[in-house]
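Novice: Okay, so here is structure_4.cif, and as you'll see once you scroll down, it has mmCIF, C-alpha atoms and all ligand atoms.
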```cif
data_structure
loop_
_atom_site.label_atom_id
_atom_site.label_comp_id
_atom_site.auth_asym_id
_atom_site.auth_seq_id
_atom_site.Cartn_x
_atom_site.Cartn_y
_atom_site.Cartn_z
CA MET A 1 18.48 -48.99 -103.25
CA ALA A 2 17.40 -51.97 -105.38
CA LEU A 3 18.28 -50.07 -108.56
CA ARG A 4 21.61 -49.04 -107.08
CA ASP A 5 22.42 -52.64 -106.17
CA ALA A 6 21.35 -53.92 -109.61
CA GLY A 7 23.38 -51.33 -111.51
CA GLU A 8 23.56 -52.06 -115.24
CA ARG A 9 21.54 -55.27 -114.73
CA ALA A 10 18.42 -53.15 -114.27
CA ARG A 11 18.45 -52.22 -117.95
CA GLY A 12 15.59 -54.04 -119.72
CA ALA A 13 14.47 -55.69 -116.46
CA THR A 14 11.02 -56.06 -114.88
CA VAL A 15 10.59 -54.36 -111.51
CA PHE A 16 7.97 -55.56 -108.99
CA VAL A 17 6.99 -52.99 -106.35
CA THR A 18 4.29 -52.89 -103.69
CA LEU A 19 3.23 -49.28 -104.29
CA GLU A 20 2.76 -47.36 -107.53
CA PRO A 21 6.01 -45.46 -108.08
CA CYS A 22 5.63 -41.78 -107.27
CA ASN A 23 6.14 -38.95 -109.71
CA HIS A 24 6.71 -36.13 -107.24
CA HIS A 25 9.34 -34.78 -104.88
CA GLY A 26 8.72 -35.86 -101.29
CA ARG A 27 11.44 -36.84 -98.88
CA THR A 28 13.19 -38.29 -101.94
CA ALA A 29 13.26 -37.50 -105.68
CA PRO A 30 10.57 -39.16 -107.86
CA CYS A 31 10.88 -42.95 -108.14
CA THR A 32 9.69 -42.72 -111.76
CA ASP A 33 12.79 -40.70 -112.72
CA ALA A 34 15.07 -43.30 -111.14
CA LEU A 35 13.27 -46.17 -112.94
CA ILE A 36 13.39 -44.40 -116.31
CA ARG A 37 17.06 -43.47 -115.85
CA ALA A 38 17.89 -47.09 -114.98
CA GLY A 39 16.30 -48.20 -118.28
CA VAL A 40 13.87 -50.77 -116.86
CA ALA A 41 11.47 -52.24 -119.44
CA ARG A 42 8.48 -53.10 -117.28
CA VAL A 43 7.07 -52.14 -113.88
CA VAL A 44 4.44 -54.21 -112.05
CA PHE A 45 2.96 -52.65 -108.91
CA ALA A 46 0.46 -54.10 -106.42
CA VAL A 47 -1.32 -51.06 -105.02
CA ALA A 48 -2.14 -47.68 -106.62
CA ASP A 49 -1.05 -44.56 -104.76
CA PRO A 50 -3.63 -43.89 -101.99
CA ASN A 51 -3.40 -40.13 -102.50
CA PRO A 52 -6.16 -39.24 -105.04
CA HIS A 53 -4.19 -36.18 -106.14
CA VAL A 54 -1.21 -38.18 -107.35
CA ARG A 55 -2.77 -41.59 -108.12
CA GLY A 56 -2.04 -42.66 -111.71
CA HIS A 57 0.59 -39.96 -112.25
CA GLY A 58 3.48 -42.34 -111.69
CA ARG A 59 1.94 -44.92 -114.02
CA ASP A 60 1.40 -42.27 -116.72
CA ALA A 61 4.91 -40.86 -116.42
CA LEU A 62 6.43 -44.32 -116.84
CA ARG A 63 4.20 -45.12 -119.81
CA ALA A 64 5.09 -41.79 -121.46
CA ALA A 65 8.74 -42.85 -121.22
CA GLY A 66 7.98 -46.16 -122.97
CA VAL A 67 7.97 -48.38 -119.87
CA VAL A 68 5.30 -51.12 -119.79
CA VAL A 69 3.22 -50.72 -116.59
CA GLU A 70 0.87 -53.30 -115.07
CA GLN A 71 -1.03 -53.45 -111.77
CA GLY A 72 -1.67 -56.55 -109.64
CA PHE A 73 0.29 -59.63 -108.56
CA ASP A 74 -0.95 -63.20 -108.23
CA PRO A 75 -3.44 -63.49 -105.31
CA GLN A 76 -0.96 -64.70 -102.69
CA ALA A 77 1.70 -62.12 -103.51
CA GLN A 78 -0.98 -59.43 -103.78
CA ARG A 79 -2.14 -60.23 -100.23
CA ALA A 80 1.41 -60.09 -98.94
CA ALA A 81 1.99 -56.75 -100.67
CA GLU A 82 -1.22 -55.25 -99.31
CA HIS A 83 -0.33 -56.52 -95.83
CA GLY A 84 3.11 -54.94 -96.04
CA ILE A 85 1.82 -51.60 -97.26
CA ALA A 86 -1.14 -51.42 -94.81
CA PRO A 87 0.58 -49.13 -92.26
CA TRP A 88 1.51 -46.64 -94.94
CA MET A 89 -2.03 -46.71 -96.41
CA ARG A 90 -3.52 -45.98 -92.97
CA PHE A 91 -1.05 -43.18 -92.40
CA ILE A 92 -1.82 -41.51 -95.73
CA THR A 93 -5.58 -42.06 -95.87
CA LEU A 94 -6.49 -41.53 -92.16
CA GLY A 95 -3.66 -39.30 -90.97
CA ARG A 96 -2.90 -41.66 -88.10
CA PRO A 97 -0.52 -44.57 -87.60
CA HIS A 98 -1.51 -48.18 -88.24
CA LEU A 99 -2.14 -49.75 -84.83
CA THR A 100 -1.38 -53.33 -83.83
CA LEU A 101 -2.68 -54.51 -80.49
CA LYS A 102 -0.50 -57.17 -78.87
CA ALA A 103 -1.34 -59.20 -75.79
CA ALA A 104 0.14 -62.20 -74.02
CA MET A 105 -2.82 -63.94 -72.42
CA SER A 106 -4.15 -67.08 -70.83
CA LEU A 107 -6.48 -69.17 -72.95
CA ASP A 108 -9.40 -67.54 -71.10
CA GLY A 109 -8.31 -64.04 -72.10
CA SER A 110 -6.49 -62.65 -69.04
CA ILE A 111 -3.21 -60.71 -69.18
CA ALA A 112 -2.62 -60.77 -65.41
CA THR A 113 -3.83 -62.77 -62.40
CA ARG A 114 -6.17 -61.21 -59.82
CA GLY A 115 -3.03 -60.59 -57.74
CA GLY A 116 -1.59 -58.54 -60.62
CA GLU A 117 1.07 -61.01 -61.77
CA SER A 118 1.76 -61.17 -65.51
CA ARG A 119 5.40 -62.27 -65.73
CA TRP A 120 5.49 -64.52 -67.46
CA ILE A 121 2.26 -65.84 -68.93
CA THR A 122 3.82 -66.78 -72.25
CA SER A 123 7.01 -68.62 -73.18
CA PRO A 124 10.44 -67.19 -74.10
CA GLU A 125 9.69 -68.20 -77.72
CA ALA A 126 6.52 -66.07 -77.75
CA ARG A 127 8.32 -63.17 -76.12
CA ARG A 128 11.03 -63.34 -78.75
CA ASP A 129 8.34 -63.23 -81.43
CA GLY A 130 7.02 -60.11 -79.69
CA HIS A 131 10.42 -58.52 -80.11
CA LEU A 132 10.13 -59.08 -83.87
CA LEU A 133 6.83 -57.16 -83.78
CA ARG A 134 8.52 -54.34 -81.88
CA ALA A 135 11.39 -54.22 -84.33
CA ALA A 136 8.95 -53.72 -87.21
CA CYS A 137 7.14 -50.74 -85.64
CA ASP A 138 7.98 -47.06 -85.30
CA ALA A 139 6.55 -46.81 -81.78
CA VAL A 140 5.54 -49.00 -78.84
CA LEU A 141 2.58 -47.67 -76.84
CA VAL A 142 1.60 -48.54 -73.24
CA GLY A 143 -0.69 -47.22 -70.53
CA SER A 144 0.75 -45.61 -67.41
CA GLU A 145 -0.44 -48.45 -65.13
CA THR A 146 1.64 -50.94 -67.07
CA VAL A 147 4.68 -48.76 -66.50
CA ARG A 148 3.87 -48.38 -62.81
CA ILE A 149 3.35 -52.10 -62.23
CA ASP A 150 5.79 -53.76 -64.65
CA ASP A 151 8.45 -51.04 -65.07
CA PRO A 152 9.22 -52.37 -68.58
CA LEU A 153 12.13 -51.35 -70.79
CA LEU A 154 10.21 -51.85 -74.07
CA THR A 155 13.37 -52.05 -76.13
CA VAL A 156 14.03 -54.52 -78.95
CA ARG A 157 16.15 -57.41 -77.73
CA ASP A 158 17.48 -60.67 -79.21
CA VAL A 159 16.45 -59.80 -82.78
CA ALA A 160 18.00 -57.61 -85.47
CA TYR A 161 16.47 -54.18 -86.04
CA GLU A 162 17.19 -51.01 -87.98
CA ARG A 163 15.88 -48.31 -85.68
CA ALA A 164 14.72 -48.58 -82.09
CA PRO A 165 10.99 -47.83 -81.83
CA VAL A 166 10.02 -44.79 -79.80
CA ARG A 167 8.48 -45.76 -76.44
CA VAL A 168 5.24 -43.89 -75.78
CA VAL A 169 3.30 -43.80 -72.49
CA VAL A 170 -0.30 -42.58 -72.23
CA SER A 171 -0.87 -40.69 -68.98
CA ARG A 172 -3.25 -37.77 -68.43
CA ASP A 173 -1.07 -36.09 -65.83
CA ALA A 174 2.29 -37.25 -67.20
CA ARG A 175 2.40 -39.58 -64.20
CA LEU A 176 5.72 -41.24 -64.88
CA ALA A 177 8.21 -41.90 -62.06
CA VAL A 178 11.62 -40.37 -62.69
CA ASP A 179 13.25 -43.67 -61.70
CA ALA A 180 11.14 -45.74 -64.15
CA LYS A 181 13.37 -47.60 -66.62
CA LEU A 182 11.66 -45.80 -69.51
CA VAL A 183 12.76 -42.50 -67.99
CA THR A 184 16.27 -43.40 -66.90
CA THR A 185 17.06 -44.71 -70.40
CA ALA A 186 15.28 -41.90 -72.28
CA ARG A 187 18.53 -40.40 -73.53
CA GLU A 188 19.53 -43.71 -75.17
CA VAL A 189 16.15 -44.77 -76.58
CA PRO A 190 13.48 -42.10 -77.10
CA THR A 191 10.64 -42.03 -74.55
CA TRP A 192 7.59 -39.86 -75.17
CA VAL A 193 4.57 -39.18 -72.97
CA LEU A 194 1.12 -38.43 -74.33
CA CYS A 195 -0.50 -36.32 -71.64
CA ALA A 196 -3.52 -34.03 -71.42
CA SER A 197 -3.17 -30.38 -72.39
CA ASP A 198 -4.03 -29.45 -68.78
CA ALA A 199 -1.38 -31.71 -67.21
CA ASP A 200 0.76 -30.18 -64.48
CA GLU A 201 3.41 -27.89 -66.01
CA GLY A 202 5.98 -28.70 -63.34
CA ARG A 203 5.73 -32.45 -63.94
CA ARG A 204 5.99 -31.94 -67.69
CA ALA A 205 9.08 -29.77 -67.27
CA ALA A 206 10.68 -32.31 -64.90
CA LEU A 207 10.23 -35.09 -67.45
CA GLY A 208 11.52 -32.84 -70.25
CA ALA A 209 14.63 -32.11 -68.18
CA VAL A 210 15.55 -35.81 -68.04
CA GLY A 211 15.10 -36.33 -71.79
CA VAL A 212 11.46 -37.43 -72.03
CA ARG A 213 9.51 -35.75 -74.81
CA VAL A 214 6.06 -34.60 -73.71
CA LEU A 215 3.24 -34.33 -76.27
CA ALA A 216 0.05 -32.70 -74.99
CA VAL A 217 -3.31 -33.62 -76.51
CA PRO A 218 -6.92 -32.90 -75.45
CA ARG A 219 -8.92 -35.15 -73.14
CA GLY A 220 -11.62 -37.34 -74.62
CA ASP A 221 -15.25 -37.57 -73.48
CA ASP A 222 -14.34 -40.19 -70.85
CA GLY A 223 -11.76 -37.90 -69.24
CA GLY A 224 -8.79 -39.95 -70.48
CA ILE A 225 -6.48 -38.90 -73.29
CA ASP A 226 -8.35 -38.46 -76.59
CA LEU A 227 -6.66 -41.46 -78.18
CA ALA A 228 -7.51 -40.50 -81.78
CA ALA A 229 -5.89 -37.11 -81.17
CA GLY A 230 -2.94 -38.87 -79.53
CA LEU A 231 -2.39 -41.05 -82.57
CA ARG A 232 -2.67 -38.03 -84.87
CA ALA A 233 -0.02 -36.30 -82.76
CA LEU A 234 2.25 -39.32 -83.26
CA ALA A 235 1.58 -39.24 -87.02
CA ALA A 236 2.60 -35.58 -87.08
CA GLU A 237 5.96 -36.74 -85.69
CA GLY A 238 6.35 -39.22 -88.55
CA ILE A 239 5.18 -42.35 -86.68
CA VAL A 240 3.58 -44.66 -89.28
CA SER A 241 3.11 -47.85 -87.23
CA VAL A 242 2.37 -48.38 -83.54
CA LEU A 243 2.43 -51.55 -81.46
CA CYS A 244 0.23 -51.24 -78.36
CA GLU A 245 1.46 -53.59 -75.65
CA GLY A 246 -1.18 -52.99 -72.99
CA GLY A 247 -2.53 -52.90 -70.55
CA GLY A 248 -6.10 -54.05 -70.77
CA THR A 249 -7.57 -50.60 -70.12
CA LEU A 250 -5.66 -48.95 -72.97
CA HIS A 251 -6.36 -51.90 -75.29
CA GLY A 252 -10.08 -51.63 -74.52
CA ARG A 253 -10.26 -47.87 -75.00
CA LEU A 254 -8.50 -48.19 -78.34
CA ARG A 255 -10.99 -50.87 -79.38
CA ASP A 256 -13.95 -48.82 -78.17
CA ALA A 257 -12.67 -45.88 -80.25
CA GLY A 258 -12.28 -48.03 -83.38
CA LEU A 259 -8.55 -47.35 -83.58
CA VAL A 260 -7.26 -50.94 -83.81
CA ASP A 261 -6.14 -52.25 -87.21
CA ARG A 262 -4.54 -55.56 -86.34
CA VAL A 263 -4.43 -57.92 -83.35
CA VAL A 264 -1.65 -60.30 -82.38
CA CYS A 265 -2.45 -62.51 -79.37
CA TYR A 266 -0.18 -65.08 -77.80
CA LEU A 267 -2.38 -67.64 -76.07
CA ALA A 268 -0.68 -69.54 -73.26
CA PRO A 269 -1.88 -73.03 -72.25
CA MET A 270 -3.30 -71.94 -68.89
CA LEU A 271 -6.56 -70.72 -67.35
CA ILE A 272 -6.42 -67.76 -64.95
CA GLY A 273 -10.10 -67.76 -64.06
CA ALA A 274 -12.08 -65.17 -62.15
CA GLY A 275 -10.58 -61.81 -61.28
CA GLY A 276 -7.92 -61.94 -63.98
CA LEU A 277 -7.28 -58.71 -65.85
CA ARG A 278 -9.04 -58.85 -69.19
CA ALA A 279 -6.79 -58.47 -72.23
CA ILE A 280 -9.26 -56.01 -73.71
CA GLY A 281 -11.09 -53.89 -71.15
CA GLY A 282 -12.77 -50.54 -71.73
CA VAL A 283 -16.52 -50.28 -72.12
CA GLY A 284 -16.93 -53.14 -74.59
CA ALA A 285 -19.67 -53.98 -77.06
CA GLU A 286 -23.25 -53.91 -75.84
CA ARG A 287 -24.69 -55.39 -79.01
CA LEU A 288 -23.24 -57.79 -81.52
CA ALA A 289 -23.52 -54.93 -84.02
CA ASP A 290 -20.83 -53.11 -81.98
CA VAL A 291 -18.18 -55.83 -81.95
CA THR A 292 -14.87 -55.34 -83.73
CA PRO A 293 -15.06 -57.78 -86.65
CA LEU A 294 -11.82 -59.60 -87.45
CA GLY A 295 -10.74 -61.46 -90.54
CA ASP A 296 -7.73 -62.85 -92.38
CA TRP A 297 -6.87 -65.21 -89.50
CA SER A 298 -3.54 -66.86 -89.13
CA VAL A 299 -2.70 -69.23 -86.29
CA ARG A 300 0.57 -70.95 -85.54
CA ALA A 301 2.35 -72.50 -82.61
CA VAL A 302 5.20 -70.53 -81.05
CA GLY A 303 6.92 -72.81 -78.55
CA PRO A 304 4.13 -74.05 -76.22
CA ASP A 305 1.89 -71.06 -77.03
CA LEU A 306 -0.45 -70.23 -79.91
CA ARG A 307 0.05 -67.06 -81.90
CA VAL A 308 -3.18 -65.73 -83.38
CA GLU A 309 -3.06 -62.80 -85.77
CA ALA A 310 -6.07 -61.11 -87.34
CA GLU A 311 -6.89 -57.95 -89.23
CA VAL A 312 -9.73 -55.66 -88.22
CA ARG A 313 -12.16 -55.53 -91.12
N1 LIG A 401 0.28 -59.90 -70.47
C1 LIG A 401 0.37 -58.82 -71.19
O1 LIG A 401 0.43 -58.85 -72.42
C2 LIG A 401 0.40 -57.49 -70.51
C3 LIG A 401 0.85 -56.37 -71.20
C4 LIG A 401 0.83 -55.13 -70.57
C5 LIG A 401 0.35 -55.00 -69.27
N2 LIG A 401 -0.06 -56.11 -68.61
C6 LIG A 401 -0.60 -55.96 -67.24
O2 LIG A 401 -1.68 -55.07 -67.30
C7 LIG A 401 -1.79 -54.36 -66.08
C8 LIG A 401 -1.95 -52.88 -66.35
O3 LIG A 401 -3.07 -52.68 -67.19
P1 LIG A 401 -4.24 -51.67 -66.81
O4 LIG A 401 -5.40 -52.01 -67.64
O5 LIG A 401 -4.42 -51.67 -65.34
O6 LIG A 401 -3.66 -50.24 -67.19
P2 LIG A 401 -2.99 -49.65 -68.54
O7 LIG A 401 -3.89 -49.87 -69.70
O8 LIG A 401 -1.59 -50.07 -68.63
O9 LIG A 401 -2.97 -48.08 -68.19
C9 LIG A 401 -4.17 -47.39 -68.03
C10 LIG A 401 -3.85 -45.97 -67.65
O10 LIG A 401 -3.49 -45.22 -68.81
C11 LIG A 401 -3.85 -43.87 -68.62
N3 LIG A 401 -4.74 -43.37 -69.66
C12 LIG A 401 -4.86 -42.07 -70.03
N4 LIG A 401 -5.76 -41.92 -71.00
C13 LIG A 401 -6.23 -43.14 -71.28
C14 LIG A 401 -7.21 -43.59 -72.20
N5 LIG A 401 -7.87 -42.78 -73.02
N6 LIG A 401 -7.45 -44.90 -72.24
C15 LIG A 401 -6.78 -45.75 -71.43
N7 LIG A 401 -5.86 -45.38 -70.54
C16 LIG A 401 -5.58 -44.06 -70.45
C17 LIG A 401 -4.61 -43.79 -67.28
O11 LIG A 401 -3.68 -43.42 -66.28
P3 LIG A 401 -3.36 -41.88 -65.92
O12 LIG A 401 -4.12 -41.62 -64.67
O13 LIG A 401 -1.89 -41.84 -65.77
O14 LIG A 401 -3.85 -41.05 -67.05
C18 LIG A 401 -5.03 -45.23 -67.07
O15 LIG A 401 -5.22 -45.54 -65.72
C19 LIG A 401 -0.56 -54.72 -65.30
O16 LIG A 401 -0.92 -55.68 -64.33
C20 LIG A 401 0.34 -55.35 -66.29
O17 LIG A 401 1.20 -56.32 -65.71
C21 LIG A 401 -0.05 -57.34 -69.19
#
```
Transcribe the structure of this file into structure tokens.
Ligand SMILES: NC(=O)c1ccc[n+]([C@@H]2O[C@H](COP(=O)([O-])OP(=O)(O)OC[C@H]3O[C@@H](n4cnc5c(N)ncnc54)[C@H](OP(=O)(O)O)[C@@H]3O)[C@@H](O)[C@H]2O)c1

Specialist:
Amino acid sequence: MALRDAGERARGATVFVTLEPCNHHGRTAPCTDALIRAGVARVVFAVADPNPHVRGHGRDALRAAGVVVEQGFDPQAQRAAEHGIAPWMRFITLGRPHLTLKAAMSLDGSIATRGGESRWITSPEARRDGHLLRAACDAVLVGSETVRIDDPLLTVRDVAYERAPVRVVVSRDARLAVDAKLVTTAREVPTWVLCASDADEGRRAALGAVGVRVLAVPRGDDGGIDLAAGLRALAAEGIVSVLCEGGGTLHGRLRDAGLVDRVVCYLAPMLIGAGGLRAIGGVGAERLADVTPLGDWSVRAVGPDLRVEAEVR
């Protein structure tokens, strides 16, 4: 698209790209052919192709055609490029989507009060920021309790987006009410359910009949959905990036299984105290050696709340 927009101006130009241009036919024709045809003089890429079978082939093809090829940007741009390409790298190297865990919590780490209230802990500004996260993902994932209690729509609102993310619910028995908003709008915005392979056939068929796509995966050792298998099933459908929006049980199980790549927390200036629902539940770490180490912090104010983002190391 960039070459098409540049037209003749691409001739003799330098092209900066995040990923090493490919030299094979995938969903599109090779990028190397397009660059050579456009007559660019130099290509600088940030990250080599993660696939060991094709790594270096794009670079070599460009060089053979007389194009100067270099790898690496300045440190700040390199970080931004690696950040941008992270979902794709996960998808290719691990065969599962990149997973961002998002939670709107009190300063003491609760996403709901002991009475079950969670609307709203954070400000409209933080919620709008959350819509930007949604808009940048292929799928939004939630646990069935969140659907039962909050009845969310999980669509992108108030911000521009290219393609609505698929809404995915994790529920062993495909326990999703037919009058839930996710179900009644399933023909407008895709809704999928990740259920267990032994889930009731009748319930699966009933959801299918109203436009909900049902993906069956095995149960894990704890009796819930095998979340790694669930994510692989999403990858097989072309889902590269997932935003998990709760609840605490699903967040915790994803953490326990080592499936979280990035965390975005909105911290509201309030304390919920005892009995609040923990943002990250599950089994948790027994020893400090079992914690999920985070790095690459960034913190900024969003309205009255704090937005904390970190990468899992
Ligand atoms: N503030 C926030 O950011 C925020 C965001 C979301 C939700 N919430 C709040 O969180 C609460 C709901 O959270 P929750 O922790 O009770 O439930 P949850 O995480 O939303 O859903 C858990 C349910 O998911 C299904 N499940 C199937 N396999 C699973 C697996 N391997 N791991 C985890 N879950 C699996 C199970 O139901 P089945 O029996 O159907 O299999 C399980 O009971 C609500 O009060 C909601 O308002 C707050």

Novice: Rounded to one decimal place, report the atom C3 of ligand LIG 401 (chain A)-CA of Ala205 in chain A distance in Å.

Specialist: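 Answer for the atom C3 of ligand LIG 401 (chain A) to CA of Ala205 in chain A separation: 28.1 Å.
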
Novice: Go ahead and find all residues with at least one atom no further than 8 Å from (10.5, -58.3, -74.7) in the file's coordinates, using all atoms listed in the file; report them as a list in words.

Specialist: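 Checking each residue against the 8 Å limit leaves Arg127, Arg128, Gly130, His131, Leu154, Thr155, Val156 and Arg157 of chain A.
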
Novice: Counting all atoms listed in the file, find the residues whose atoms lie at most 9 Å from (-3.6, -39.7, -99.2) (file coordinates) and write them out as a ChimeraX atom specification.

Specialist: /A:49-54,89-95

Novice: Could you build a table of the residues in chain A lying no more than 8 Å from ligand LIG 401 (chain A), giving for each the nearest pair of atoms and their separation in Å rounded to one decimal place, using all atoms listed in the file, ordered by chain and ascending residue number, as a tab-separated table?

Specialist:
```
residue	atom	partner	partner_atom	distance
A:Lys102	CA	A:LIG401	O1	6.7
A:Ala103	CA	A:LIG401	O1	3.8
A:Ala104	CA	A:LIG401	O1	3.7
A:Met105	CA	A:LIG401	N1	5.5
A:Ser110	CA	A:LIG401	N1	7.4
A:Ile111	CA	A:LIG401	N1	3.8
A:Ala112	CA	A:LIG401	O16	5.5
A:Thr113	CA	A:LIG401	O16	7.9
A:Gly116	CA	A:LIG401	O16	4.7
A:Glu117	CA	A:LIG401	O17	6.1
A:Ser118	CA	A:LIG401	O17	4.9
A:Arg119	CA	A:LIG401	O17	7.3
A:Trp120	CA	A:LIG401	N1	7.6
A:Ile121	CA	A:LIG401	N1	6.4
A:Thr122	CA	A:LIG401	N1	7.9
A:Val142	CA	A:LIG401	O8	5.8
A:Gly143	CA	A:LIG401	O9	3.4
A:Ser144	CA	A:LIG401	O10	4.5
A:Glu145	CA	A:LIG401	O9	4.0
A:Thr146	CA	A:LIG401	O8	3.7
A:Val147	CA	A:LIG401	O8	6.8
A:Ile149	CA	A:LIG401	C19	5.6
A:Asp150	CA	A:LIG401	O17	5.4
A:Val169	CA	A:LIG401	O10	7.9
A:Val170	CA	A:LIG401	C12	5.1
A:Ser171	CA	A:LIG401	O13	3.6
A:Arg172	CA	A:LIG401	O14	3.6
A:Asp173	CA	A:LIG401	O13	5.8
A:Ala174	CA	A:LIG401	O13	6.4
A:Arg175	CA	A:LIG401	O13	5.1
A:Leu176	CA	A:LIG401	O13	7.7
A:Cys195	CA	A:LIG401	O14	7.4
A:Arg219	CA	A:LIG401	N5	7.7
A:Gly220	CA	A:LIG401	N5	6.8
A:Asp222	CA	A:LIG401	N5	7.3
A:Gly223	CA	A:LIG401	N5	7.3
A:Gly224	CA	A:LIG401	N4	3.7
A:Ile225	CA	A:LIG401	N4	3.9
A:Asp226	CA	A:LIG401	N5	5.6
A:Leu227	CA	A:LIG401	N5	5.5
A:Glu245	CA	A:LIG401	C3	5.3
A:Gly246	CA	A:LIG401	C4	3.8
A:Gly247	CA	A:LIG401	O3	3.4
A:Gly248	CA	A:LIG401	O4	3.8
A:Thr249	CA	A:LIG401	O4	3.6
A:Leu250	CA	A:LIG401	C15	3.7
A:His251	CA	A:LIG401	O7	6.4
A:Gly252	CA	A:LIG401	C15	7.4
A:Arg253	CA	A:LIG401	N6	4.9
A:Leu254	CA	A:LIG401	N6	7.0
A:Leu277	CA	A:LIG401	O2	6.8
A:Arg278	CA	A:LIG401	O4	7.9
A:Ala279	CA	A:LIG401	O1	7.2
A:Gly281	CA	A:LIG401	O4	6.9
A:Gly282	CA	A:LIG401	C15	7.7
```

Novice: As an exercise, work out the distance from CA of Cys22 in chain A to CA of Gln78 in chain A in Å and give it to one decimal place.

Specialist: 19.2 Å

Novice: Could you tell me which of A:Ser106, A:Pro218, A:Leu3, A:Glu237 comes closest to Ser123 in chain A if we count all atoms listed in the file?

Specialist: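 Between A:Ser106, A:Pro218, A:Leu3, A:Glu237, the residue approaching Ser123 in chain A most closely is A:Ser106.
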
Novice: Tell me which of A:Ile36, A:Ala77, A:Leu99, A:Ala164 sits closest to Leu231 in chain A, counting all atoms listed in the file.

Specialist: A:Leu99

Novice: Go ahead and compute the interatomic distance for CA of Pro124 in chain A and CA of Ala268 in chain A, in Å to one decimal.

Specialist: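 Answer for the CA of Pro124 in chain A to CA of Ala268 in chain A separation: 11.4 Å.
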